[in-house]
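As provided, target-v8.cif (mmCIF, C-alpha atoms) reads as follows.
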data_work
loop_
_atom_site.label_atom_id
_atom_site.label_comp_id
_atom_site.auth_asym_id
_atom_site.auth_seq_id
_atom_site.Cartn_x
_atom_site.Cartn_y
_atom_site.Cartn_z
CA ILE A 660 108.62 139.95 128.72
CA ARG A 661 105.83 142.33 129.66
CA GLN A 662 103.49 142.04 132.64
CA GLU A 663 101.12 144.34 134.51
CA SER A 664 102.34 145.67 137.85
CA THR A 665 99.45 144.29 139.93
CA ARG A 666 100.41 140.72 139.04
CA HIS A 667 103.65 141.10 141.02
CA SER A 668 102.06 142.78 144.04
CA ASP A 669 99.29 140.16 144.10
CA ALA A 670 101.87 137.37 144.03
CA LEU A 671 103.85 138.90 146.90
CA ASP A 672 100.66 139.46 148.86
CA GLU A 673 99.75 135.78 148.52
CA LEU A 674 103.29 134.79 149.45
CA THR A 675 103.40 136.93 152.60
CA ARG A 676 100.01 135.65 153.69
CA TYR A 677 101.24 132.08 153.26
CA LEU A 678 104.35 132.90 155.34
CA LYS A 679 102.07 134.54 157.96
CA LEU A 680 104.09 137.72 158.18
CA PRO A 681 102.81 140.24 160.77
CA THR A 682 101.56 142.45 157.93
CA ALA A 683 100.65 141.02 154.54
CA TYR A 684 102.15 142.78 151.55
CA GLY A 685 98.77 143.93 150.28
CA ALA A 686 98.09 145.68 153.60
CA MET A 687 101.34 147.67 153.58
CA ASP A 688 101.44 151.29 152.46
CA GLU A 689 103.99 152.37 149.84
CA SER A 690 106.78 153.32 152.27
CA ALA A 691 106.41 150.03 154.18
CA ARG A 692 106.48 148.09 150.93
CA VAL A 693 109.69 149.79 149.78
CA GLU A 694 111.36 149.19 153.14
CA TRP A 695 110.38 145.50 153.16
CA LEU A 696 111.40 144.95 149.54
CA LEU A 697 114.83 146.52 150.08
CA GLU A 698 115.38 144.39 153.18
CA GLU A 699 114.41 141.20 151.38
CA MET A 700 116.62 142.10 148.44
CA GLN A 701 119.65 142.07 150.73
CA THR A 702 118.98 138.80 152.56
CA ARG A 703 120.60 135.54 151.45
CA ARG A 704 117.82 133.20 152.57
CA PRO A 705 115.18 132.14 150.02
CA LEU A 706 111.81 133.86 150.24
CA ILE A 707 109.67 131.55 148.09
CA PRO A 708 109.17 128.01 149.46
CA PRO A 709 110.00 125.40 146.78
CA ALA A 710 106.87 123.22 146.97
CA VAL A 711 103.70 125.21 147.53
CA GLU A 712 100.51 125.11 145.49
CA TRP A 713 99.90 128.73 144.63
CA SER A 714 96.92 130.25 142.85
CA ALA A 715 97.10 130.04 139.04
CA ALA A 716 98.09 133.71 138.63
CA THR A 717 100.82 133.61 141.28
CA ALA A 718 102.16 130.29 140.00
CA GLU A 719 102.41 131.75 136.49
CA THR A 720 104.14 134.92 137.74
CA ILE A 721 106.79 132.89 139.59
CA ALA A 722 107.17 130.47 136.68
CA VAL A 723 107.96 133.29 134.23
CA PHE A 724 111.04 134.34 136.22
CA ARG A 725 112.22 130.74 136.54
CA MET A 726 111.72 130.25 132.81
CA LEU A 727 113.84 133.34 132.11
CA HIS A 728 116.62 131.91 134.28
CA ARG A 729 116.53 128.60 132.40
CA LEU A 730 116.60 130.41 129.04
CA GLN A 731 119.60 132.48 130.04
CA GLU A 732 121.46 129.44 131.34
CA GLU A 733 120.91 127.64 128.03
CA PHE A 734 121.31 130.48 125.53
CA GLY A 735 123.13 133.26 127.37
CA SER A 736 122.02 136.39 129.21
CA ARG A 737 121.15 138.30 126.02
CA ILE A 738 118.43 135.85 124.95
CA CYS A 739 115.69 137.68 126.87
CA ARG A 740 116.67 140.15 129.57
CA THR A 741 114.17 143.02 129.25
CA TYR A 742 111.19 142.93 131.61
CA VAL A 743 108.60 145.67 131.01
CA ILE A 744 106.22 146.53 133.84
CA SER A 745 102.93 147.77 132.41
CA MET A 746 100.98 150.33 134.43
CA SER A 747 103.93 151.32 136.59
CA HIS A 748 102.84 153.68 139.33
CA SER A 749 105.39 153.61 142.14
CA VAL A 750 108.86 152.67 143.40
CA SER A 751 107.58 149.35 144.74
CA ASP A 752 106.46 148.28 141.26
CA LEU A 753 110.10 148.05 140.14
CA LEU A 754 111.48 146.63 143.38
CA GLU A 755 108.86 143.85 143.31
CA VAL A 756 110.20 142.62 139.98
CA LEU A 757 113.79 142.79 141.18
CA LEU A 758 112.90 140.76 144.27
CA LEU A 759 111.10 138.07 142.27
CA ALA A 760 114.03 138.02 139.84
CA LYS A 761 116.44 137.59 142.75
CA GLU A 762 114.46 134.57 143.93
CA ALA A 763 114.82 133.04 140.45
CA GLY A 764 118.57 133.62 140.33
CA LEU A 765 118.45 136.49 137.83
CA VAL A 766 119.63 139.16 140.26
CA ASP A 767 122.43 139.02 142.82
CA PRO A 768 122.40 142.17 144.96
CA ALA A 769 125.47 141.06 146.93
CA ALA A 770 127.50 140.93 143.71
CA HIS A 771 125.85 144.10 142.33
CA HIS A 772 124.80 142.08 139.29
CA ALA A 773 121.52 141.69 137.40
CA ASP A 774 120.77 139.62 134.32
CA LEU A 775 117.40 141.33 134.01
CA LEU A 776 116.74 144.84 132.70
CA VAL A 777 113.67 146.11 134.54
CA VAL A 778 111.83 148.70 132.44
CA PRO A 779 108.97 150.69 133.97
CA LEU A 780 106.16 151.63 131.58
CA PHE A 781 104.38 154.83 132.55
CA GLU A 782 101.08 155.06 130.69
CA THR A 783 98.36 157.24 132.18
CA VAL A 784 98.66 161.02 132.39
CA GLU A 785 98.98 160.92 136.18
CA ASP A 786 101.71 158.26 135.98
CA LEU A 787 103.62 160.24 133.35
CA GLN A 788 103.49 163.29 135.60
CA ARG A 789 104.65 161.23 138.57
CA ALA A 790 107.40 159.38 136.68
CA PRO A 791 110.23 161.83 137.55
CA GLU A 792 109.36 161.60 141.25
CA VAL A 793 109.26 157.79 141.15
CA MET A 794 112.53 157.46 139.27
CA GLY A 795 114.15 160.10 141.45
CA GLN A 796 113.40 158.04 144.56
CA LEU A 797 114.84 154.94 142.90
CA PHE A 798 118.01 156.72 141.82
CA GLU A 799 118.55 157.73 145.46
CA HIS A 800 118.75 154.06 146.54
CA PRO A 801 122.36 152.80 146.20
CA LEU A 802 121.13 149.21 145.81
CA TYR A 803 119.00 150.11 142.80
CA ARG A 804 121.79 152.09 141.14
CA GLN A 805 124.21 149.19 141.64
CA LEU A 806 121.87 146.85 139.74
CA LEU A 807 121.59 149.08 136.67
CA PRO A 808 123.59 147.86 133.64
CA ARG A 809 126.80 149.72 132.79
CA VAL A 810 127.46 151.02 129.28
CA GLY A 811 130.16 152.97 127.46
CA GLU A 812 133.76 153.66 128.27
CA GLN A 813 132.76 155.49 131.45
CA ALA A 814 130.71 152.48 132.62
CA GLN A 815 127.78 154.83 133.22
CA PRO A 816 124.63 153.27 134.74
CA LEU A 817 121.85 152.98 132.17
CA GLN A 818 118.13 153.30 132.87
CA VAL A 819 115.72 152.20 130.14
CA LEU A 820 112.26 153.71 130.59
CA MET A 821 109.15 153.12 128.50
CA LEU A 822 106.50 155.71 127.67
CA GLY A 823 103.02 154.51 126.80
CA TYR A 824 101.08 156.29 124.08
CA SER A 825 97.99 154.09 123.87
CA ASP A 826 96.72 154.25 127.44
CA SER A 827 97.64 157.88 127.96
CA ASN A 828 95.62 158.66 124.83
CA LYS A 829 92.67 156.60 126.07
CA ASP A 830 92.96 158.24 129.46
CA SER A 831 93.18 161.89 128.42
CA GLY A 832 92.98 162.28 124.63
CA PHE A 833 95.49 162.82 121.82
CA LEU A 834 96.64 166.36 122.61
CA SER A 835 97.13 165.91 126.35
CA SER A 836 98.80 162.51 125.87
CA ASN A 837 101.38 163.84 123.43
CA TRP A 838 102.16 166.86 125.57
CA GLU A 839 102.48 164.90 128.83
CA ILE A 840 104.85 162.43 127.18
CA HIS A 841 106.87 165.31 125.77
CA GLN A 842 107.05 166.99 129.18
CA ALA A 843 107.92 163.72 130.92
CA GLN A 844 110.86 163.18 128.59
CA ILE A 845 112.30 166.61 129.43
CA ALA A 846 111.91 166.09 133.18
CA LEU A 847 113.29 162.55 133.11
CA GLN A 848 116.30 163.52 131.00
CA ASP A 849 117.10 166.33 133.42
CA LEU A 850 116.71 163.97 136.38
CA ALA A 851 119.00 161.33 134.88
CA SER A 852 121.65 163.93 134.07
CA ARG A 853 121.66 165.19 137.66
CA HIS A 854 122.24 161.63 138.90
CA ASP A 855 124.86 160.87 136.23
CA ILE A 856 122.71 158.07 134.80
CA GLY A 857 122.26 157.39 131.11
CA LEU A 858 118.62 157.41 130.04
CA ARG A 859 117.30 155.47 127.07
CA LEU A 860 113.67 156.21 126.33
CA PHE A 861 111.58 153.33 125.03
CA HIS A 862 108.61 154.59 123.02
CA GLY A 863 105.62 152.26 123.13
CA ARG A 864 104.12 153.31 119.83
CA GLY A 865 101.48 151.41 117.91
CA GLY A 866 100.57 151.68 114.25
CA SER A 867 97.64 154.10 114.41
CA VAL A 868 97.97 157.77 115.34
CA GLY A 869 95.87 157.17 118.45
CA ARG A 870 98.56 154.74 119.63
CA GLY A 871 101.47 157.07 118.88
CA GLY A 872 101.94 155.95 115.29
CA GLY A 873 103.07 158.05 112.35
CA PRO A 874 106.20 158.61 110.26
CA ALA A 875 109.08 157.43 112.44
CA HIS A 876 111.60 159.90 111.03
CA ARG A 877 109.47 162.96 111.82
CA ALA A 878 108.44 161.56 115.20
CA ILE A 879 112.07 161.16 116.27
CA LEU A 880 113.01 164.67 115.14
CA ALA A 881 110.03 166.01 117.12
CA GLN A 882 111.38 164.65 120.42
CA PRO A 883 112.68 167.14 122.99
CA PRO A 884 116.26 168.27 122.32
CA GLY A 885 118.73 166.06 124.17
CA SER A 886 116.32 163.14 124.67
CA VAL A 887 117.72 161.24 121.66
CA MET A 888 121.42 160.82 122.37
CA ASN A 889 122.87 158.23 119.97
CA ALA A 890 120.05 155.77 120.62
CA ILE A 891 116.30 155.37 120.85
CA ARG A 892 114.13 152.34 121.45
CA VAL A 893 110.69 151.89 119.90
CA THR A 894 108.14 149.16 119.44
CA GLU A 895 107.11 147.98 116.01
CA GLN A 896 104.13 145.72 116.42
CA GLY A 897 101.08 144.23 114.78
CA GLU A 898 100.48 145.13 111.16
CA MET A 899 103.42 147.57 111.24
CA ILE A 900 105.90 144.69 111.31
CA ARG A 901 104.67 143.48 107.93
CA TRP A 902 104.46 146.97 106.44
CA LYS A 903 107.90 148.05 107.62
CA PHE A 904 109.87 144.79 107.74
CA GLY A 905 107.91 142.35 105.56
CA LEU A 906 110.45 142.46 102.69
CA PRO A 907 114.25 142.86 102.84
CA ASP A 908 114.19 146.18 100.96
CA LEU A 909 111.43 147.52 103.23
CA ALA A 910 113.37 146.48 106.32
CA ALA A 911 116.55 148.17 105.05
CA GLN A 912 114.61 151.35 104.22
CA THR A 913 112.96 151.40 107.67
CA LEU A 914 116.24 150.91 109.51
CA SER A 915 117.94 153.55 107.35
CA SER A 916 115.19 156.01 108.24
CA TYR A 917 115.66 155.32 111.95
CA ILE A 918 119.45 155.62 111.76
CA PHE A 919 119.27 158.90 109.83
CA ALA A 920 116.73 160.40 112.22
CA VAL A 921 118.62 159.36 115.36
CA THR A 922 121.89 160.71 113.92
CA GLN A 923 120.25 164.02 112.99
CA ALA A 924 118.50 164.35 116.35
CA THR A 925 121.80 163.66 118.14
CA LEU A 926 124.07 165.94 116.11
CA ARG A 927 121.58 168.68 115.25
CA PRO A 928 118.85 168.69 117.92
CA SER A 929 116.01 171.15 117.53
CA ALA A 930 116.01 174.32 119.59
CA PRO A 931 114.16 174.25 122.93
CA ALA A 932 110.56 175.41 122.88
CA LYS A 933 109.97 179.09 123.56
CA PRO A 934 108.41 179.84 126.97
CA GLU A 935 105.27 181.19 125.31
CA TRP A 936 104.90 177.93 123.33
CA THR A 937 105.17 175.87 126.50
CA GLU A 938 102.65 178.08 128.26
CA ALA A 939 100.23 177.77 125.34
CA MET A 940 100.57 173.98 125.26
CA ASN A 941 99.96 173.72 129.00
CA HIS A 942 96.76 175.70 128.55
CA LEU A 943 95.69 173.67 125.50
CA ALA A 944 96.38 170.34 127.21
CA LYS A 945 94.44 171.32 130.35
CA SER A 946 91.47 172.47 128.30
CA ALA A 947 91.59 169.37 126.06
CA VAL A 948 91.77 166.81 128.86
CA ASP A 949 88.87 168.41 130.74
CA SER A 950 86.73 168.33 127.60
CA TYR A 951 87.77 164.76 126.72
CA ARG A 952 87.12 163.34 130.17
CA ALA A 953 83.79 165.14 130.43
CA VAL A 954 82.59 162.88 127.60
CA VAL A 955 84.52 159.62 128.07
CA HIS A 956 84.63 159.42 131.86
CA HIS A 957 81.76 161.56 133.10
CA THR A 958 78.94 161.09 130.57
CA PRO A 959 76.71 158.28 131.91
CA GLU A 960 75.52 157.12 128.48
CA PHE A 961 79.00 157.02 126.93
CA VAL A 962 79.77 153.36 127.70
CA GLU A 963 76.39 152.26 126.35
CA TYR A 964 76.93 154.31 123.20
CA PHE A 965 80.45 152.94 122.68
CA ARG A 966 79.42 149.32 123.07
CA GLN A 967 76.25 149.64 121.03
CA VAL A 968 77.51 151.46 117.94
CA THR A 969 81.08 150.15 117.63
CA PRO A 970 82.31 146.58 117.03
CA GLU A 971 84.33 146.68 120.27
CA SER A 972 83.08 143.32 121.57
CA ALA A 973 83.80 141.59 118.25
CA LEU A 974 87.27 143.13 117.97
CA GLY A 975 88.07 141.90 121.46
CA LYS A 976 87.50 138.32 120.33
CA LEU A 977 89.70 138.49 117.25
CA PRO A 978 93.37 137.34 117.40
CA LEU A 979 94.65 140.83 116.53
CA GLY A 980 96.76 141.64 119.57
CA SER A 981 99.54 140.09 121.58
CA ARG A 982 97.57 140.47 124.81
CA PRO A 983 93.95 140.00 126.00
CA ALA A 984 91.48 142.71 125.02
CA LYS A 985 91.12 143.76 128.67
CA ARG A 986 93.51 143.81 131.59
CA LYS A 987 90.65 142.62 133.80
CA ALA A 988 87.81 140.53 132.43
CA ASP A 989 85.18 142.45 134.41
CA GLY A 990 86.77 145.88 133.88
CA GLY A 991 85.25 148.82 132.06
CA ILE A 992 86.64 151.35 129.58
CA GLU A 993 89.65 152.02 131.80
CA SER A 994 90.82 148.39 131.53
CA LEU A 995 90.24 148.09 127.78
CA ARG A 996 93.44 147.70 125.78
CA ALA A 997 94.36 149.86 122.85
CA ILE A 998 93.46 147.65 119.90
CA PRO A 999 89.70 147.27 120.54
CA TRP A 1000 89.48 150.90 121.69
CA ILE A 1001 91.24 152.49 118.71
CA PHE A 1002 90.02 150.05 116.05
CA ALA A 1003 86.40 150.34 117.20
CA TRP A 1004 86.31 154.09 116.54
CA MET A 1005 88.28 153.67 113.34
CA GLN A 1006 85.82 151.06 112.05
CA MET A 1007 82.86 153.47 112.32
CA ARG A 1008 84.99 156.41 111.09
CA LEU A 1009 84.29 158.65 114.07
CA MET A 1010 88.02 158.61 115.03
CA LEU A 1011 87.06 159.93 118.47
CA PRO A 1012 90.36 159.28 120.36
CA ALA A 1013 92.33 161.47 117.95
CA TRP A 1014 90.28 164.69 118.09
CA LEU A 1015 87.96 164.73 121.11
CA GLY A 1016 89.07 167.50 123.46
CA THR A 1017 91.45 168.97 120.91
CA ASP A 1018 88.50 170.46 119.02
CA SER A 1019 87.29 172.55 121.94
CA ALA A 1020 90.82 173.46 123.11
CA LEU A 1021 91.90 174.84 119.73
CA LYS A 1022 88.58 176.59 119.21
CA GLN A 1023 88.90 178.31 122.57
CA ALA A 1024 92.49 179.34 121.82
CA VAL A 1025 91.49 180.87 118.48
CA GLU A 1026 88.57 182.73 120.08
CA GLU A 1027 91.02 184.15 122.65
CA GLY A 1028 93.15 185.61 119.85
CA GLN A 1029 95.95 183.03 119.91
CA LEU A 1030 95.79 182.04 116.23
CA PRO A 1031 99.05 183.92 115.35
CA LEU A 1032 100.80 182.13 118.22
CA LEU A 1033 99.49 178.73 117.08
CA GLN A 1034 100.67 179.47 113.53
CA ASP A 1035 104.12 180.38 114.84
CA MET A 1036 104.24 177.14 116.83
CA TYR A 1037 103.25 175.12 113.75
CA GLN A 1038 105.88 176.75 111.54
CA HIS A 1039 108.84 176.61 113.92
CA TRP A 1040 108.28 173.87 116.56
CA PRO A 1041 108.74 170.29 115.25
CA PHE A 1042 106.69 168.82 118.10
CA PHE A 1043 103.62 170.92 117.30
CA THR A 1044 104.11 170.57 113.54
CA VAL A 1045 104.02 166.78 113.70
CA TYR A 1046 101.09 166.85 116.11
CA VAL A 1047 98.94 169.05 113.84
CA ASP A 1048 99.88 167.09 110.71
CA MET A 1049 98.88 163.79 112.35
CA LEU A 1050 95.61 165.33 113.53
CA GLU A 1051 94.88 166.59 110.02
CA MET A 1052 95.56 163.15 108.54
CA VAL A 1053 93.18 161.44 110.98
CA LEU A 1054 90.44 164.00 110.37
CA ALA A 1055 90.74 163.34 106.63
CA LYS A 1056 89.91 159.68 107.33
CA SER A 1057 86.85 160.45 109.45
CA ASP A 1058 83.33 160.38 108.00
CA VAL A 1059 80.29 161.53 109.98
CA ASN A 1060 77.93 159.87 107.47
CA VAL A 1061 79.49 156.44 108.07
CA ALA A 1062 79.28 157.03 111.83
CA ALA A 1063 75.58 157.95 111.53
CA HIS A 1064 74.98 154.81 109.46
CA TYR A 1065 76.49 152.65 112.21
CA GLU A 1066 74.13 154.22 114.73
CA GLN A 1067 71.08 153.68 112.54
CA VAL A 1068 71.91 150.04 111.82
CA LEU A 1069 73.17 148.96 115.25
CA ALA A 1070 70.99 151.15 117.50
CA GLY A 1071 67.94 151.48 115.26
CA SER A 1072 68.22 155.27 115.14
CA GLU A 1073 70.72 158.05 115.60
CA MET A 1074 71.64 158.39 119.28
CA PRO A 1075 71.65 161.81 121.05
CA LEU A 1076 75.28 161.45 122.18
CA GLY A 1077 76.30 160.43 118.67
CA THR A 1078 74.56 163.47 117.23
CA LYS A 1079 76.53 165.74 119.59
CA LEU A 1080 79.86 164.06 118.80
CA ARG A 1081 79.29 164.18 115.04
CA ALA A 1082 78.39 167.86 115.33
CA ARG A 1083 81.67 168.53 117.14
CA LEU A 1084 83.62 166.66 114.50
CA SER A 1085 81.92 168.56 111.66
CA VAL A 1086 82.73 172.04 112.99
#

Mind converting the file's structure to structure tokens?
Amino acid sequence: IRQESTRHSDALDELTRYLKLPTAYGAMDESARVEWLLEEMQTRRPLIPPAVEWSAATAETIAVFRMLHRLQEEFGSRICRTYVISMSHSVSDLLEVLLLAKEAGLVDPAAHHADLLVVPLFETVEDLQRAPEVMGQLFEHPLYRQLLPRVGEQAQPLQVLMLGYSDSNKDSGFLSSNWEIHQAQIALQDLASRHDIGLRLFHGRGGSVGRGGGPAHRAILAQPPGSVMNAIRVTEQGEMIRWKFGLPDLAAQTLSSYIFAVTQATLRPSAPAKPEWTEAMNHLAKSAVDSYRAVVHHTPEFVEYFRQVTPESALGKLPLGSRPAKRKADGGIESLRAIPWIFAWMQMRLMLPAWLGTDSALKQAVEEGQLPLLQDMYQHWPFFTVYVDMLEMVLAKSDVNVAAHYEQVLAGSEMPLGTKLRARLSV
């Protein structure tokens, strides 16, 4: 099950307003929310009245948890126990789900038992950077630690945590997204080790490079040393299911590749990045995200250009994804999901999400005399090697002439912004 974080907070806000609490949930700040959620988790009285006519969204949110309870009663707790929280930002986002699960009978704090595995999904650059702080606060709460599942002979608590490639890419560009995810893994692994908690990273990869796609074997070996310890969790979705699991032999080959890569990454992890490599990547990522956001977020004509010269609106109507094209019907670029965003640029062959920002960052680095350092990083650092190879592959698929044709046909003439972007791609 996967649901956006605001659906849970909206449901609790409606509930607290119905109960006429002194302060509605939506009016609480983060610390007040955490305090209230922890208190409610430890009470034995029901919180949700049994017969109330809620709004459609709240009724659906509550019904999902009750459905999960019925499924587990009929088929066992393993039938569906993972609950992913999209757009996780804070401690309260996870506690909200645990509280709603408690009301449905999926969590029993008094017995230190949970039949639901709550998995935060950190997606934007800011959320990836904040993830260690959020998880650190949660690990400090005894109640939260007690509800984590126990694995292995040592009965070590296990935290599953999902990293989002699609939205971080849309938010900050390909280079910054990959680096922030890489950095988050290192920080989160260190945090979990200090708290004696097992960490299993769940990689939310899609099929295209802009959604974290690429050869699975190389991607696993490019993870930070120590982040793949005997296990890794990834998504295989959309067209990738057919390509990787559509035939028995393909499925066996795919699973063999995963098993080999995980075994190699566990037994022979790559060496940690040199300090000068990390410093260079920090500089590249900062330069790339500034350049990317200057176009996507701060150029007034960008939204008009995107919607006029790409088939974004048509893609949003096709049954291509497992979720609606937008998180909010009236939202802008920031609420657009990955499939219409990535596929729109792919259709017109501009491939903008994969290179915008990276072009200026690498150019600046070369002009500053860092080409020998970049070459050293490419030859000896698996993370940077895979990144550059994926970038090269996407650039080979781009075509400025096709992009110009889309502008001429759909806009009547080449657009000034399009001319600038095609010039950047051609350099």

message: To test your reading of the syntax: which residues would the PyMOL selection byres ((chain A and resi 1005) around 12) return for the file shown? Reply as number ranges by chain.
response: A: 867-869, 968-971, 974, 997-1004, 1006-1013, 1053-1054, 1056-1059, 1061-1062, 1065

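A straight line drawn from atom CA of A:Glu839 to atom CA of A:Glu799 is 24.2 Å long.
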
query: Mind telling me what the PyMOL selection byres ((chain A and resi 816) around 9) catches here, as a ChimeraX atom specification?
result: /A:804-810,814-815,817-818,855-858

message: Neighbouring residues of stretch 952-967 of chain A were defined as those with any atom within 9 Å, considering all atoms listed in the file; residues of the same chain fewer than 5 positions away were excluded. Please report them as a ChimeraX atom specification.
response: /A:829-832,947,972,991-993,1003-1004,1015-1016,1066,1069-1070,1074,1076-1077

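Running the PyMOL selection byres ((chain A and resi 840-851) around 7) on this file leaves Leu787, Gln788, Pro791, Gly795, Leu822, Ser836, Asn837, Trp838, Glu839, Ser852, Arg853, His854, Asp855, Ile856, Gly857, Leu858, Pro883 and Ser886 of chain A selected.
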
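Taking atom CA of A:Arg901 and atom CA of A:Ser915 as the two end points, the separation is 16.7 Å.
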